[in-house]
file input-v8.pdb (PDB, C-alpha atoms)
ATOM      1  CA  ASN A   1     238.555 -67.836  22.566
ATOM      2  CA  THR A   2     242.270 -67.782  21.826
ATOM      3  CA  TYR A   3     242.103 -65.625  18.711
ATOM      4  CA  ALA A   4     239.554 -63.019  19.781
ATOM      5  CA  ASP A   5     237.735 -61.783  22.854
ATOM      6  CA  ILE A   6     233.964 -61.801  22.487
ATOM      7  CA  ILE A   7     231.780 -59.118  24.039
ATOM      8  CA  SER A   8     228.140 -60.211  24.105
ATOM      9  CA  GLY A   9     225.674 -57.377  23.616
ATOM     10  CA  GLN A  10     223.216 -56.409  26.338
ATOM     11  CA  SER A  11     220.236 -54.138  25.849
ATOM     12  CA  PRO A  12     219.977 -51.149  28.191
ATOM     13  CA  ALA A  13     216.732 -50.152  29.888
ATOM     14  CA  SER A  14     214.569 -48.246  27.430
ATOM     15  CA  ASP A  15     214.582 -45.108  29.586
ATOM     16  CA  LEU A  16     218.379 -44.894  29.229
ATOM     17  CA  VAL A  17     218.234 -44.508  25.433
ATOM     18  CA  ALA A  18     218.518 -40.807  24.601
ATOM     19  CA  ASP A  19     219.626 -38.335  21.925
ATOM     20  CA  LEU A  20     223.187 -37.801  23.167
ATOM     21  CA  GLY A  21     226.049 -40.133  24.000
ATOM     22  CA  LEU A  22     227.424 -43.279  22.383
ATOM     23  CA  ASP A  23     225.623 -44.735  19.395
ATOM     24  CA  PHE A  24     223.352 -47.600  20.457
ATOM     25  CA  HIS A  25     222.848 -50.543  18.084
ATOM     26  CA  GLN A  26     220.386 -53.248  19.067
ATOM     27  CA  GLY A  27     221.102 -55.392  16.019
ATOM     28  CA  ASN A  28     222.343 -55.280  12.432
ATOM     29  CA  SER A  29     219.667 -52.987  10.949
ATOM     30  CA  LEU A  30     222.274 -50.283  10.259
ATOM     31  CA  PHE A  31     224.968 -52.577   8.866
ATOM     32  CA  GLY A  32     226.572 -51.163   5.739
ATOM     33  CA  ASP A  33     228.716 -52.852   3.113
ATOM     34  CA  LYS A  34     231.621 -52.920   5.554
ATOM     35  CA  TYR A  35     231.131 -50.288   8.266
ATOM     36  CA  ILE A  36     228.077 -49.834  10.460
ATOM     37  CA  LYS A  37     226.129 -46.616   9.890
ATOM     38  CA  PRO A  38     225.547 -44.011  12.647
ATOM     39  CA  SER A  39     222.535 -44.509  14.910
ATOM     40  CA  THR A  40     220.133 -41.824  16.085
ATOM     41  CA  LYS A  41     219.694 -43.761  19.330
ATOM     42  CA  LYS A  42     222.284 -42.823  21.950
ATOM     43  CA  ILE A  43     223.190 -43.746  25.505
ATOM     44  CA  ASP A  44     225.437 -42.126  28.107
ATOM     45  CA  ARG A  45     228.760 -43.983  28.140
ATOM     46  CA  THR A  46     228.719 -44.384  31.919
ATOM     47  CA  ARG A  47     225.365 -46.186  31.699
ATOM     48  CA  ALA A  48     226.027 -48.376  28.660
ATOM     49  CA  PRO A  49     225.890 -52.051  29.756
ATOM     50  CA  LYS A  50     228.123 -53.358  26.916
ATOM     51  CA  ILE A  51     230.534 -51.299  24.824
ATOM     52  CA  ALA A  52     232.122 -52.344  21.548
ATOM     53  CA  PRO A  53     235.519 -50.663  21.047
ATOM     54  CA  ALA A  54     236.320 -48.757  17.877
ATOM     55  CA  ARG A  55     237.634 -51.061  15.088
ATOM     56  CA  SER A  56     236.086 -54.131  16.726
ATOM     57  CA  ILE A  57     234.253 -56.618  14.527
ATOM     58  CA  LEU A  58     230.490 -56.491  14.993
ATOM     59  CA  PHE A  59     228.851 -59.892  14.592
ATOM     60  CA  SER A  60     225.104 -60.447  14.197
ATOM     61  CA  VAL A  61     224.103 -63.188  16.659
ATOM     62  CA  ARG A  62     220.442 -63.070  15.614
ATOM     63  CA  ALA A  63     218.848 -63.563  12.220
ATOM     64  CA  PRO A  64     220.438 -63.082   9.838
ATOM     65  CA  VAL A  65     223.127 -64.852  11.871
ATOM     66  CA  GLY A  66     226.712 -64.284  10.750
ATOM     67  CA  GLU A  67     226.488 -60.816   9.203
ATOM     68  CA  VAL A  68     229.651 -58.841  10.039
ATOM     69  CA  ASN A  69     230.622 -55.165  10.043
ATOM     70  CA  ILE A  70     233.366 -53.025  11.520
ATOM     71  CA  ALA A  71     232.714 -50.451  14.249
ATOM     72  CA  CYS A  72     234.068 -47.054  13.208
ATOM     73  CA  THR A  73     233.747 -45.662  16.737
ATOM     74  CA  GLU A  74     233.091 -46.885  20.240
ATOM     75  CA  MET A  75     229.417 -47.863  20.639
ATOM     76  CA  CYS A  76     226.894 -49.582  22.872
ATOM     77  CA  ILE A  77     225.622 -52.921  21.547
ATOM     78  CA  GLY A  78     222.369 -54.720  22.321
ATOM     79  CA  ARG A  79     221.380 -58.381  22.390
ATOM     80  CA  GLY A  80     221.437 -58.786  18.613
ATOM     81  CA  LEU A  81     225.182 -58.153  18.345
ATOM     82  CA  ALA A  82     228.500 -59.343  19.670
ATOM     83  CA  ALA A  83     231.797 -57.497  19.322
ATOM     84  CA  LEU A  84     235.066 -59.284  18.658
ATOM     85  CA  THR A  85     238.393 -57.728  19.569
ATOM     86  CA  THR A  86     241.806 -59.180  18.836
ATOM     87  CA  GLU A  87     245.502 -58.434  19.108
ATOM     88  CA  HIS A  88     245.839 -59.921  15.629
ATOM     89  CA  VAL A  89     244.906 -58.168  12.370
ATOM     90  CA  SER A  90     241.261 -57.187  12.882
ATOM     91  CA  GLU A  91     240.572 -56.638   9.180
ATOM     92  CA  TRP A  92     241.818 -60.141   8.389
ATOM     93  CA  MET A  93     239.380 -61.438  11.006
ATOM     94  CA  TYR A  94     236.591 -59.424   9.353
ATOM     95  CA  PHE A  95     237.205 -61.125   5.992
ATOM     96  CA  ARG A  96     237.676 -64.531   7.643
ATOM     97  CA  LEU A  97     234.330 -64.306   9.482
ATOM     98  CA  LYS A  98     232.581 -62.918   6.410
ATOM     99  CA  SER A  99     233.643 -65.990   4.429
ATOM    100  CA  MET A 100     232.211 -68.355   7.073
ATOM    101  CA  SER A 101     228.544 -67.317   6.933
ATOM    102  CA  SER A 102     227.422 -70.857   6.000
ATOM    103  CA  VAL A 103     229.186 -72.237   9.101
ATOM    104  CA  PHE A 104     227.421 -69.783  11.392
ATOM    105  CA  LYS A 105     224.019 -70.545   9.866
ATOM    106  CA  LYS A 106     224.523 -74.230  10.694
ATOM    107  CA  LEU A 107     225.418 -73.346  14.286
ATOM    108  CA  SER A 108     222.389 -71.095  14.779
ATOM    109  CA  THR A 109     219.496 -72.479  16.803
ATOM    110  CA  GLY A 110     215.986 -71.446  17.775
ATOM    111  CA  THR A 111     212.496 -72.029  16.429
ATOM    112  CA  THR A 112     211.034 -68.514  16.645
ATOM    113  CA  PHE A 113     214.223 -66.450  16.287
ATOM    114  CA  GLU A 114     217.443 -68.001  15.031
ATOM    115  CA  GLY A 115     220.535 -67.111  17.009
ATOM    116  CA  ILE A 116     224.030 -68.212  17.949
ATOM    117  CA  THR A 117     225.432 -68.179  21.470
ATOM    118  CA  ALA A 118     228.741 -66.608  22.410
ATOM    119  CA  LYS A 119     229.891 -70.067  23.504
ATOM    120  CA  ASN A 120     229.220 -71.590  20.079
ATOM    121  CA  LEU A 121     230.731 -68.589  18.344
ATOM    122  CA  GLY A 122     233.863 -68.786  20.448
ATOM    123  CA  ALA A 123     234.249 -72.504  19.728
ATOM    124  CA  VAL A 124     234.486 -71.981  15.956
ATOM    125  CA  THR A 125     237.880 -73.062  14.603
ATOM    126  CA  PHE A 126     239.738 -71.956  11.477
ATOM    127  CA  GLY A 127     243.201 -71.845   9.979
ATOM    128  CA  CYS A 128     245.236 -68.821  11.017
ATOM    129  CA  PRO A 129     248.300 -67.594   9.063
ATOM    130  CA  PRO A 130     251.228 -65.654  10.591
ATOM    131  CA  LEU A 131     250.650 -61.968  11.393
ATOM    132  CA  ASN A 132     252.566 -60.631   8.389
ATOM    133  CA  GLU A 133     250.507 -62.837   6.075
ATOM    134  CA  GLN A 134     247.292 -61.750   7.807
ATOM    135  CA  THR A 135     248.216 -58.147   7.058
ATOM    136  CA  ALA A 136     249.030 -58.907   3.416
ATOM    137  CA  ILE A 137     245.773 -60.849   2.917
ATOM    138  CA  ALA A 138     243.737 -58.063   4.543
ATOM    139  CA  ASN A 139     245.365 -55.434   2.304
ATOM    140  CA  ILE A 140     244.742 -57.420  -0.884
ATOM    141  CA  LEU A 141     241.102 -58.178  -0.049
ATOM    142  CA  SER A 142     240.451 -54.635   1.147
ATOM    143  CA  ASN A 143     241.808 -53.200  -2.118
ATOM    144  CA  GLN A 144     239.630 -55.574  -4.141
ATOM    145  CA  GLU A 145     236.597 -54.730  -2.013
ATOM    146  CA  ASP A 146     237.207 -51.020  -2.624
ATOM    147  CA  LEU A 147     237.350 -51.667  -6.386
ATOM    148  CA  VAL A 148     234.072 -53.605  -6.244
ATOM    149  CA  ALA A 149     232.414 -50.749  -4.335
ATOM    150  CA  HIS A 150     233.779 -48.217  -6.847
ATOM    151  CA  TYR A 151     232.481 -50.134  -9.861
ATOM    152  CA  ASN A 152     229.147 -50.829  -8.164
ATOM    153  CA  ASP A 153     228.760 -47.062  -7.722
ATOM    154  CA  LEU A 154     229.592 -46.560 -11.417
ATOM    155  CA  ILE A 155     227.097 -49.243 -12.431
ATOM    156  CA  ALA A 156     224.385 -47.639 -10.277
ATOM    157  CA  LEU A 157     225.155 -44.244 -11.854
ATOM    158  CA  HIS A 158     224.953 -45.614 -15.405
ATOM    159  CA  GLU A 159     221.769 -47.556 -14.613
ATOM    160  CA  LYS A 160     220.130 -44.286 -13.567
ATOM    161  CA  ARG A 161     221.413 -42.563 -16.714
ATOM    162  CA  PHE A 162     220.189 -45.445 -18.880
ATOM    163  CA  ALA A 163     216.702 -45.239 -17.313
ATOM    164  CA  TYR A 164     216.624 -41.459 -17.842
ATOM    165  CA  LEU A 165     217.778 -41.606 -21.472
ATOM    166  CA  SER A 166     215.422 -44.491 -22.276
ATOM    167  CA  ASP A 167     212.467 -42.498 -20.982
ATOM    168  CA  GLU A 168     213.470 -39.244 -22.670
ATOM    169  CA  LEU A 169     214.577 -40.624 -26.049
ATOM    170  CA  LEU A 170     211.819 -43.208 -26.516
ATOM    171  CA  SER A 171     209.136 -40.677 -25.598
ATOM    172  CA  GLY A 172     210.591 -38.068 -27.959
ATOM    173  CA  ARG A 173     211.191 -35.475 -25.238
ATOM    174  CA  LEU A 174     214.837 -35.585 -26.262
ATOM    175  CA  ARG A 175     215.735 -35.695 -29.962
ATOM    176  CA  LEU A 176     218.999 -36.499 -31.660
ATOM    177  CA  GLN A 177     220.476 -33.936 -33.989
ATOM    178  CA  ILE A 178     223.001 -35.622 -36.257
ATOM    179  CA  SER A 179     225.447 -33.491 -38.233
ATOM    180  CA  VAL A 180     226.857 -34.285 -41.683
ATOM    181  CA  GLN A 181     230.081 -35.325 -39.964
ATOM    182  CA  GLY A 182     228.129 -37.789 -37.804
ATOM    183  CA  ALA A 183     228.335 -35.866 -34.546
ATOM    184  CA  ILE A 184     225.301 -36.469 -32.309
ATOM    185  CA  GLU A 185     223.747 -33.838 -30.076
ATOM    186  CA  MET A 186     220.725 -34.319 -27.816
ATOM    187  CA  ILE A 187     218.229 -31.448 -27.908
ATOM    188  CA  GLU A 188     214.876 -30.852 -26.257
ATOM    189  CA  ASN A 189     211.868 -31.431 -28.517
ATOM    190  CA  ASN A 190     209.447 -28.504 -28.758
ATOM    191  CA  GLU A 191     207.218 -29.641 -31.615
ATOM    192  CA  TRP A 192     204.425 -32.014 -30.671
ATOM    193  CA  ALA A 193     201.325 -33.493 -32.290
ATOM    194  CA  ASP A 194     198.317 -35.019 -30.509
ATOM    195  CA  VAL A 195     197.423 -38.453 -31.885
ATOM    196  CA  LEU A 196     194.228 -40.340 -31.116
ATOM    197  CA  LEU A 197     194.778 -44.011 -30.386
ATOM    198  CA  ALA A 198     192.123 -46.643 -29.646
ATOM    199  CA  TYR A 199     191.475 -45.537 -26.071
ATOM    200  CA  ASP A 200     193.579 -42.463 -25.486
ATOM    201  CA  THR A 201     195.181 -39.394 -26.982
ATOM    202  CA  ILE A 202     198.951 -39.131 -26.753
ATOM    203  CA  ALA A 203     201.482 -36.518 -27.770
ATOM    204  CA  ILE A 204     204.337 -37.525 -30.064
ATOM    205  CA  PRO A 205     206.968 -35.470 -31.905
ATOM    206  CA  SER A 206     205.344 -33.821 -34.911
ATOM    207  CA  ASP A 207     207.562 -35.656 -37.419
ATOM    208  CA  TRP A 208     206.930 -39.116 -35.910
ATOM    209  CA  SER A 209     204.326 -41.497 -37.301
ATOM    210  CA  ILE A 210     202.068 -44.085 -35.692
ATOM    211  CA  THR A 211     202.465 -47.724 -36.677
ATOM    212  CA  GLN A 212     201.273 -51.131 -35.536
ATOM    213  CA  LEU A 213     203.609 -53.781 -34.169
ATOM    214  CA  ASN A 214     202.488 -56.385 -36.712
ATOM    215  CA  LYS A 215     203.540 -54.016 -39.495
ATOM    216  CA  VAL A 216     207.140 -53.794 -38.335
ATOM    217  CA  ALA A 217     207.633 -57.282 -36.872
ATOM    218  CA  LYS A 218     206.826 -60.834 -37.983
ATOM    219  CA  PHE A 219     204.989 -63.042 -35.490
ATOM    220  CA  GLU A 220     205.449 -66.796 -35.261
ATOM    221  CA  SER A 221     203.148 -68.689 -32.876
ATOM    222  CA  GLY A 222     204.592 -71.362 -30.637
ATOM    223  CA  PHE A 223     203.771 -75.063 -31.067
ATOM    224  CA  SER A 224     202.711 -77.478 -28.319
ATOM    225  CA  PHE A 225     204.640 -80.732 -28.650
ATOM    226  CA  LYS A 226     203.395 -84.055 -27.314
ATOM    227  CA  GLY A 227     205.303 -85.969 -24.685
ATOM    228  CA  ASP A 228     206.578 -88.580 -27.114
ATOM    229  CA  ASP A 229     207.984 -85.832 -29.361
ATOM    230  CA  PHE A 230     210.832 -85.267 -26.873
ATOM    231  CA  THR A 231     214.050 -87.258 -26.792
ATOM    232  CA  ASN A 232     217.319 -87.289 -24.858
ATOM    233  CA  ASP A 233     219.211 -87.938 -28.063
ATOM    234  CA  VAL A 234     220.908 -84.607 -28.833
ATOM    235  CA  THR A 235     221.618 -85.728 -32.419
ATOM    236  CA  SER A 236     217.903 -86.027 -33.246
ATOM    237  CA  TYR A 237     216.052 -83.165 -34.883
TER
END

call {"tool": "encode", "arguments": {"input": "input-v8.pdb", "output": "structure tokens"}}
result
Amino acid sequence: NTYADIISGQSPASDLVADLGLDFHQGNSLFGDKYIKPSTKKIDRTRAPKIAPARSILFSVRAPVGEVNIACTEMCIGRGLAALTTEHVSEWMYFRLKSMSSVFKKLSTGTTFEGITAKNLGAVTFGCPPLNEQTAIANILSNQEDLVAHYNDLIALHEKRFAYLSDELLSGRLRLQISVQGAIEMIENNEWADVLLAYDTIAIPSDWSITQLNKVAKFESGFSFKGDDFTNDVTSY
């Protein structure tokens, strides 16, 4: 393992797991987008069988094989993880391993539980640029990853707002007050009317009306073609 040292995880005896000490991670259940999340399971450092150093790369050796995260702090790792440490640029190694998930899936073995051995993991080969280029690559990819996370957060925020506004506006709980100048203001509706439908009574804004779909939309039924109606000739119609 010329690029990185591999620390294979080892599960402690169950009676050693406590509420204080190093975080204990059996597998990848607390993996985040990039950094592993804190664990409520702890173990005394002096009794931890295998310790992953802070900033080491955590590698899932059991299904799903090949998932990677970065350890924010020193932690105890169980059989589902391995930790990789290097004198090279660790963040470059994180992105390199993350891009090789298909390779690790091919190397995984096992009928009941898929896994990859430390030996097979250590034998994986890849191209390695000079240290200054590793640093530059890591910085570029990290910046792009941060932008993706930022915009994903914005998308999630706007999806929630879209769901809220759809519910409120389409139900009439929120109304739009439009000024002569075209300015739009959302206000709470306080005037309701109960309307009896076929099987239920619903409340709608008092100035809304009830209509049927076939009165506001035109329906065209589909047609079932026969097999010999189809052709591969794109010029036919």

call {"tool": "residues_around", "arguments": {"input": "input-v8.pdb", "residues": "A:Glu87", "least_positions_apart": "6", "cutoff": "10 Å", "atoms": "all atoms listed in the file", "output": "PyMOL selection string"}}
result
chain A and resi 3-5+131

call {"tool": "atom_distance", "arguments": {"input": "input-v8.pdb", "atom1": "atom CA of A:Ile57", "atom2": "atom CA of A:Ile70"}}
result
4.8 Å

call {"tool": "atom_distance", "arguments": {"input": "input-v8.pdb", "atom1": "atom CA of A:Leu121", "atom2": "atom CA of A:Val65"}}
result
10.7 Å

call {"tool": "atom_distance", "arguments": {"input": "input-v8.pdb", "atom1": "atom CA of A:Ile137", "atom2": "atom CA of A:Thr125"}}
result
18.7 Å

call {"tool": "closest_residue", "arguments": {"input": "input-v8.pdb", "among": "A:Gly115, A:Pro38, A:Pro205, A:Gly27", "to": "A:Ile77", "atoms": "all atoms listed in the file"}}
result
A:Gly27

call {"tool": "residues_near_point", "arguments": {"input": "input-v8.pdb", "point": "(221.8, -66.9, 20.6)", "cutoff": "10 Å", "atoms": "all atoms listed in the file", "output": "list in words"}}
result
Ser8, Ser60, Val61, Arg62, Ala63, Val65, Arg79, Gly80, Leu81, Leu107, Ser108, Thr109, Gly110, Phe113, Glu114, Gly115, Ile116, Thr117, Ala118, Lys119, Asn120 and Leu121 of chain A

call {"tool": "residues_near_point", "arguments": {"input": "input-v8.pdb", "point": "(215.6, -46.4, 31.8)", "cutoff": "12 Å", "atoms": "only C-alpha atoms", "output": "MDAnalysis selection string"}}
result
chainID A and resid 11:18 43:44 47:49
